[in-house]
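Asks: Handing you a structure now.
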Amino acid sequence: MIQEQERKRIANDLHDSLGPMLSTVKLYMHGIAVSNDADKQSLSKASGYIDETINNLREISYNLLPSSLNRNDLVIVVREYISRITSHHLLKIKFEAAQNVTIQKKIEIHLFRIIQEIVHNTIKHADATVLKLLITGQSDGLFLISEDNGKGFDLNGTREGAGGLGLKSIENRCEMIDATLKIITAKNEGCKIIIKVPNK
Amino acid sequence: MYYSNINIVIADDHEIFLDGLSLMLSRQEGFKVCGRASNGQQLLEIVNREKPDIVLTDIRMPVVDGIQSTKQILAAHPGIGVIALSMFDEENLVIEMLEAGAKGYLLKNAHKNEIIDAVISVYQNKNYYCSQTSFLLASMIVRSKFNPYAHQQTPVVLNDREKTIIQMICEQKTTQEIADKIYLSKRTVEGYRVKILEKIQAKNIAGVVIFALKNNIIKEEDVL
């Protein structure tokens, strides 16, 4: 949870200092009246770069703190996250959530982070074209299941190696919410992850 | 269009932003910035003294925030049009501003023309949603206590073709794509678009999406 607080602090800092500053610069730029076409073009280019910077800032801040979780169910937030991701990645993500599923508010942030990590790892390492994500409720608990068609990996090797940070983070999150984690993967076999959060 | 003497009070705790905004607005013909506040408490004092037409206010401010001051402003002066100025990831706060009675909201990095557009719309007693509204925010608005159509006397009647076009606008199809799909000329579709926006009093796609969600022309699952 300390990590979440630190993220929140950084997001707020970005928000409070850089954001208004960039908006101000933009306001001033729009106040400049130019008649020369070349100058006009430079001005509009510069303004475009500011928009791009603001968009980057927005992206960074969103990754640090998905504030929309406060007022929306995890399922909606995940749907939106996926539409953001798929708009600039080739990976196809199929997300399904059972209608009847209820998720405790306090574990939502952890499940969201786990999903982010899974998506991130799949894009970065898996060489997959499709990732399926499923959230479903069974009588004995809540399940988050992911499955990709990528190149898989050597689970023990990755765990011990330096590349296992993402994996470690998923394990830590699962521990925090008392969930069990099962990873089924092998070279050229894709990767399947099953996370079960038992009913309390 | 030219408007005479729209009196505006602005509030934000970033002095430099206020400077920029004030300069931009006061250069606009017909606009007058009659006060500027750096927190919600000051805003209330200035509004009580100046009784402006429009208040453009930041949401997160020290002493009294934008949400509280909006409630108090509107309790005393229901005719004032409040527009929230928000940073990008403040969906939750935007909702609270709308529920507090704000008639519109803008991202702080909105284009100058859009800020002017929003001021004029709200001055005319219409709602204004920022053109950069996400589908998520649109659906949050529809689920919120804010009811944009409360003051509308006659219900909007749309025919099937108009509804189809609204659905396609929400799918972010271009006028050309819509024209191809329903075998009409681009000009005809253009005409429909103008008529639809007028009928449902929307200034941009954000307004169309919110209307469509509210009236079940599209479903949340279609866009999210």
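Residues are named by chain letter and number: chains run A, B, ... in the order of the structure tokens, numbers start at 1 in each chain, and ligands are numbered from 1 in the order shown.
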List every residue of range 32-88 of chain A that DSSP, applied to the backbone, labels as alpha helix (DSSP H), and write the result as number ranges by chain.
Replies: A: 37-64, 74-87
Asks: Please identify every residue of chain A that has at least one atom no more than 9 Å from any atom of chain B, counting only C-alpha atoms, and report them as a compact mmCIF listing (two decimals) with N, CA and C atoms, in the first residue's frame.
Replies:
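Produced file part-v5.txt, reproduced below:
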```txt
# COMPACT_ATOMS: atom_id res chain seq x y z
N HIS A 15 0.36 16.48 -11.73
CA HIS A 15 -0.90 17.10 -11.95
C HIS A 15 -0.88 18.58 -11.56
N ASP A 16 -0.37 18.85 -10.37
CA ASP A 16 -0.45 20.21 -9.84
C ASP A 16 0.57 21.16 -10.42
N GLY A 19 0.87 20.25 -15.27
CA GLY A 19 -0.37 20.39 -16.03
C GLY A 19 -0.79 21.84 -16.25
N PRO A 20 -0.99 22.59 -15.17
CA PRO A 20 -1.43 23.98 -15.35
C PRO A 20 -0.41 24.83 -16.11
N MET A 21 0.87 24.51 -15.91
CA MET A 21 1.92 25.24 -16.59
C MET A 21 1.79 25.08 -18.10
N LEU A 22 1.61 23.84 -18.53
CA LEU A 22 1.49 23.58 -19.96
C LEU A 22 0.24 24.25 -20.52
N SER A 23 -0.85 24.17 -19.77
CA SER A 23 -2.09 24.81 -20.23
C SER A 23 -1.91 26.31 -20.37
N THR A 24 -1.15 26.88 -19.45
CA THR A 24 -0.91 28.32 -19.50
C THR A 24 -0.13 28.70 -20.75
N VAL A 25 0.92 27.93 -21.01
CA VAL A 25 1.73 28.20 -22.20
C VAL A 25 0.84 28.18 -23.44
N LYS A 26 -0.05 27.21 -23.48
CA LYS A 26 -0.94 27.09 -24.63
C LYS A 26 -1.85 28.31 -24.76
N LEU A 27 -2.39 28.74 -23.64
CA LEU A 27 -3.26 29.93 -23.66
C LEU A 27 -2.52 31.15 -24.23
N TYR A 28 -1.29 31.34 -23.77
CA TYR A 28 -0.51 32.48 -24.26
C TYR A 28 -0.22 32.36 -25.74
N HIS A 30 -1.97 30.93 -27.97
CA HIS A 30 -3.16 31.25 -28.76
C HIS A 30 -3.48 32.74 -28.76
N GLY A 31 -2.86 33.43 -27.83
CA GLY A 31 -3.09 34.87 -27.77
C GLY A 31 -2.22 35.65 -28.74
N ASP A 51 0.12 19.87 -26.85
CA ASP A 51 -0.96 18.90 -26.68
C ASP A 51 -0.41 17.50 -26.50
N ILE A 54 0.97 17.09 -23.07
CA ILE A 54 -0.12 16.95 -22.10
C ILE A 54 -0.70 15.53 -22.17
N ASN A 55 -0.82 15.02 -23.40
CA ASN A 55 -1.33 13.66 -23.54
C ASN A 55 -0.39 12.63 -22.91
N ARG A 58 -0.82 12.80 -19.27
CA ARG A 58 -2.08 12.18 -18.92
C ARG A 58 -1.91 10.65 -18.82
N SER A 61 0.20 9.77 -15.77
CA SER A 61 -0.56 9.96 -14.57
C SER A 61 -1.63 8.87 -14.41
N TYR A 62 -2.21 8.47 -15.53
CA TYR A 62 -3.22 7.39 -15.49
C TYR A 62 -2.60 6.09 -15.02
N PRO A 66 -5.10 5.14 -11.49
CA PRO A 66 -6.35 5.12 -12.27
C PRO A 66 -7.50 5.64 -11.41
N SER A 67 -7.63 6.95 -11.33
CA SER A 67 -8.56 7.55 -10.36
C SER A 67 -10.02 7.19 -10.66
N SER A 68 -10.26 6.72 -11.89
CA SER A 68 -11.65 6.40 -12.23
C SER A 68 -12.18 5.21 -11.42
N ASN A 70 -12.49 5.01 -8.36
CA ASN A 70 -13.29 5.49 -7.23
C ASN A 70 -14.78 5.41 -7.48
N ARG A 71 -15.17 5.68 -8.70
CA ARG A 71 -16.59 5.81 -8.98
C ARG A 71 -17.13 4.79 -9.96
N ASN A 72 -16.24 3.91 -10.44
CA ASN A 72 -16.68 2.95 -11.44
C ASN A 72 -16.28 1.55 -11.02
N ILE A 76 -15.70 -1.87 -15.80
CA ILE A 76 -15.75 -0.73 -16.70
C ILE A 76 -14.37 -0.10 -16.87
N VAL A 77 -13.65 0.00 -15.76
CA VAL A 77 -12.32 0.59 -15.81
C VAL A 77 -11.38 -0.28 -16.66
N ARG A 79 -12.31 -2.28 -19.08
CA ARG A 79 -12.73 -2.12 -20.48
C ARG A 79 -12.10 -0.87 -21.08
N GLU A 80 -12.15 0.21 -20.32
CA GLU A 80 -11.58 1.45 -20.83
C GLU A 80 -10.07 1.35 -20.99
N SER A 83 -9.30 -0.49 -24.12
CA SER A 83 -9.49 0.28 -25.36
C SER A 83 -8.37 1.30 -25.55
```
Asks: For a quick check of understanding, using only C-alpha atoms, which of A:Ala11, A:Ile114, A:Leu155, A:Ala126 has the smallest distance to Ile177 in chain A?
Replies: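 Closest to Ile177 in chain A of all the choices is A:Ile114.
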Asks: Counting only C-alpha atoms, what is within 12 Å of Thr164 in chain B, bar same-chain residues fewer than 3 positions away, as JSON, numbers by chain?
Replies: {"B": [158, 159, 160, 161, 167, 168, 169, 170, 171, 173, 178, 179, 181, 182, 189, 192, 193, 196, 212, 217, 218]}
Asks: Identify which of the residues A:Ser35, A:Asn121, A:Ser139, A:Gln5 lies closest to Lys200 in chain A, counting only C-alpha atoms when measuring atom-to-atom distances.
Replies: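 Checking each candidate against Lys200 in chain A, we get A:Ser139 as the closest.
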